[in-house]
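Data block for model-v9.cif (mmCIF, C-alpha atoms):
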data_entry
loop_
_atom_site.label_atom_id
_atom_site.label_comp_id
_atom_site.auth_asym_id
_atom_site.auth_seq_id
_atom_site.Cartn_x
_atom_site.Cartn_y
_atom_site.Cartn_z
CA MET A 228 -19.64 -68.83 77.49
CA SER A 229 -16.26 -70.59 77.54
CA ILE A 230 -14.10 -71.66 74.61
CA ARG A 231 -15.18 -75.29 75.07
CA ASP A 232 -18.83 -74.26 74.79
CA VAL A 233 -18.12 -72.36 71.58
CA ARG A 234 -16.23 -75.30 70.08
CA GLY A 235 -18.96 -77.69 71.18
CA SER A 236 -21.70 -75.57 69.63
CA ARG A 237 -19.66 -75.26 66.42
CA SER A 238 -19.25 -79.01 66.10
CA ALA A 239 -22.93 -79.45 66.86
CA LEU A 240 -23.79 -77.07 64.04
CA PHE A 241 -21.55 -78.70 61.44
CA ASP A 242 -21.83 -82.41 62.35
CA ASP A 243 -24.79 -83.16 60.13
CA ILE A 244 -23.71 -81.13 57.07
CA GLU A 245 -22.39 -83.04 54.09
CA ASP A 246 -19.08 -82.19 52.45
CA GLY A 247 -20.78 -80.33 49.59
CA GLY A 248 -22.67 -78.14 52.01
CA ILE A 249 -19.52 -77.33 53.92
CA ARG A 250 -17.72 -76.31 50.76
CA ALA A 251 -20.56 -74.05 49.69
CA THR A 252 -20.86 -72.47 53.11
CA SER A 253 -17.11 -72.02 53.53
CA ALA A 254 -16.81 -70.64 49.99
CA TYR A 255 -19.59 -68.19 50.71
CA SER A 256 -18.10 -67.14 54.03
CA SER A 257 -14.62 -67.00 52.47
CA HIS A 258 -15.96 -64.77 49.72
CA GLU A 259 -17.69 -62.60 52.32
CA ILE A 260 -14.52 -62.42 54.39
CA ASP A 261 -12.49 -61.48 51.29
CA GLU A 262 -14.91 -58.63 50.54
CA GLN A 263 -14.70 -57.40 54.10
CA GLU A 264 -10.90 -57.51 53.96
CA ASN A 265 -10.97 -55.69 50.62
CA ASP A 266 -13.30 -53.05 52.06
CA ARG A 267 -10.96 -52.54 55.01
CA ALA A 268 -7.98 -52.38 52.66
CA VAL A 269 -9.76 -49.83 50.46
CA ASP A 270 -10.64 -47.74 53.52
CA GLY A 271 -7.01 -47.91 54.64
CA LEU A 272 -5.82 -46.86 51.20
CA GLN A 273 -8.28 -43.97 51.12
CA ASP A 274 -6.94 -42.77 54.46
CA ARG A 275 -3.38 -43.01 53.18
CA VAL A 276 -4.25 -41.18 49.96
CA LEU A 277 -5.90 -38.37 51.95
CA MET A 278 -2.86 -38.17 54.22
CA LEU A 279 -0.52 -38.04 51.22
CA LYS A 280 -2.70 -35.41 49.57
CA ARG A 281 -2.52 -33.21 52.68
CA LEU A 282 1.22 -33.83 52.91
CA THR A 283 1.83 -32.85 49.28
CA GLY A 284 -0.32 -29.75 49.80
CA ASP A 285 1.80 -28.78 52.80
CA ILE A 286 4.99 -29.40 50.82
CA HIS A 287 3.64 -27.26 47.98
CA GLU A 288 2.88 -24.37 50.36
CA GLU A 289 6.32 -24.69 51.93
CA VAL A 290 8.04 -24.65 48.53
CA GLU A 291 6.07 -21.60 47.42
CA GLY A 292 7.01 -19.83 50.66
CA HIS A 293 10.68 -20.60 50.09
CA ASN A 294 10.44 -19.43 46.48
CA ARG A 295 8.95 -16.10 47.61
CA MET A 296 11.71 -15.73 50.20
CA LEU A 297 14.39 -16.49 47.59
CA ASP A 298 12.87 -13.95 45.20
CA ARG A 299 12.99 -11.28 47.91
CA MET A 300 16.58 -12.20 48.71
CA GLY A 301 17.49 -11.99 45.02
CA ASN A 302 15.92 -8.55 44.76
CA ASP A 303 17.77 -7.42 47.90
CA MET A 304 21.03 -8.75 46.49
CA ASP A 305 20.45 -6.87 43.24
CA SER A 306 19.87 -3.62 45.11
CA SER A 307 22.96 -4.26 47.27
CA ARG A 308 25.01 -4.92 44.15
CA GLY A 309 23.86 -1.58 42.74
CA ILE A 310 24.82 0.26 45.93
CA LEU A 311 28.23 -1.46 46.08
CA SER A 312 28.99 -0.75 42.45
CA GLY A 313 28.18 2.94 43.05
CA THR A 314 30.50 2.97 46.07
CA MET A 315 33.26 1.28 44.09
CA ASP A 316 32.87 3.84 41.30
CA LYS A 317 33.31 6.63 43.87
CA PHE A 318 36.45 4.94 45.24
CA LYS A 319 37.83 4.59 41.72
CA THR A 320 37.34 8.26 41.03
CA ILE A 321 39.04 9.14 44.32
CA PHE A 322 42.02 6.88 43.60
CA GLU A 323 42.28 8.03 39.98
CA THR A 324 42.61 11.64 41.01
CA LYS A 325 46.07 11.65 42.43
CA SER A 326 45.44 14.31 44.97
CA SER A 327 47.63 13.66 47.99
CA ARG A 328 45.30 15.63 50.26
CA ARG A 329 42.32 13.43 49.36
CA MET A 330 44.40 10.29 49.78
CA LEU A 331 45.56 11.45 53.21
CA THR A 332 41.98 12.24 54.24
CA LEU A 333 40.79 8.81 53.04
CA VAL A 334 43.54 6.91 54.86
CA ALA A 335 43.01 8.93 58.05
CA SER A 336 39.26 8.24 57.88
CA PHE A 337 39.87 4.50 57.60
CA VAL A 338 42.30 4.50 60.51
CA VAL A 339 39.98 6.53 62.74
CA GLY A 340 37.02 4.32 61.78
CA PHE A 341 39.01 1.19 62.55
CA LEU A 342 40.11 2.51 65.95
CA VAL A 343 36.57 3.54 66.89
CA ILE A 344 35.21 0.12 65.98
CA TYR A 345 38.09 -1.57 67.81
CA TYR A 346 37.47 0.32 71.05
CA LEU A 347 33.68 -0.11 70.85
CA THR A 348 33.92 -3.89 70.48
CA ARG A 349 36.49 -4.26 73.24
#

I need this file expressed as structure tokens, please.
Amino acid sequence: MSIRDVRGSRSALFDDIEDGGIRATSAYSSHEIDEQENDRAVDGLQDRVLMLKRLTGDIHEEVEGHNRMLDRMGNDMDSSRGILSGTMDKFKTIFETKSSRRMLTLVASFVVGFLVIYYLTR
């Protein structure tokens, strides 16, 4: 069926209808079309809401994962701080005791350690 046939059959259908009948029919079909458009729009919105719901759920899981990781890092930093403060206390006691032999041993240890690291990385 060609476009001309469709137009011809349309005009044949509506030629004998009065203006009042056309208004009622077009109002009815317009109302029906509006409902169909609304139904499609509602379906589209439902799809978008479901997508956003999944997206927010994924974001929530990601945030909780990052929070757990940050908590672990905070705990690790606290333990590192405790170890470093203990080491610093030991250095303070070594430097407060003005023993030249201990100072010489400490300086020699640092120099030897530095040279070993230097030659290993070279």

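Here atom CA of Arg328 of chain A is placed at a distance of 22.5 Å from atom CA of Gly313 of chain A.
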
Straight-line distance linking atom CA of Thr320 of chain A with atom CA of Thr332 of chain A, stated in Å to one decimal: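 According to the coordinates, atom CA of Thr320 of chain A and atom CA of Thr332 of chain A are separated by 14.6 Å.
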
Point-to-point distance in Å for atom CA of Gly284 of chain A and atom CA of Asp303 of chain A: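 Straight-line distance from atom CA of Asp303 of chain A to atom CA of Gly284 of chain A works out to 28.8 Å.
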
Calculate, to one decimal in Å, the centre and edge lengths of the box along x, y and z of the file that holds all listed atoms of segment 328-347 of chain A with 4 Å of margin on each side, and present them as JSON.
{"center_x": 39.6, "center_y": 7.0, "center_z": 60.2, "size_x": 19.9, "size_y": 25.2, "size_z": 29.7}
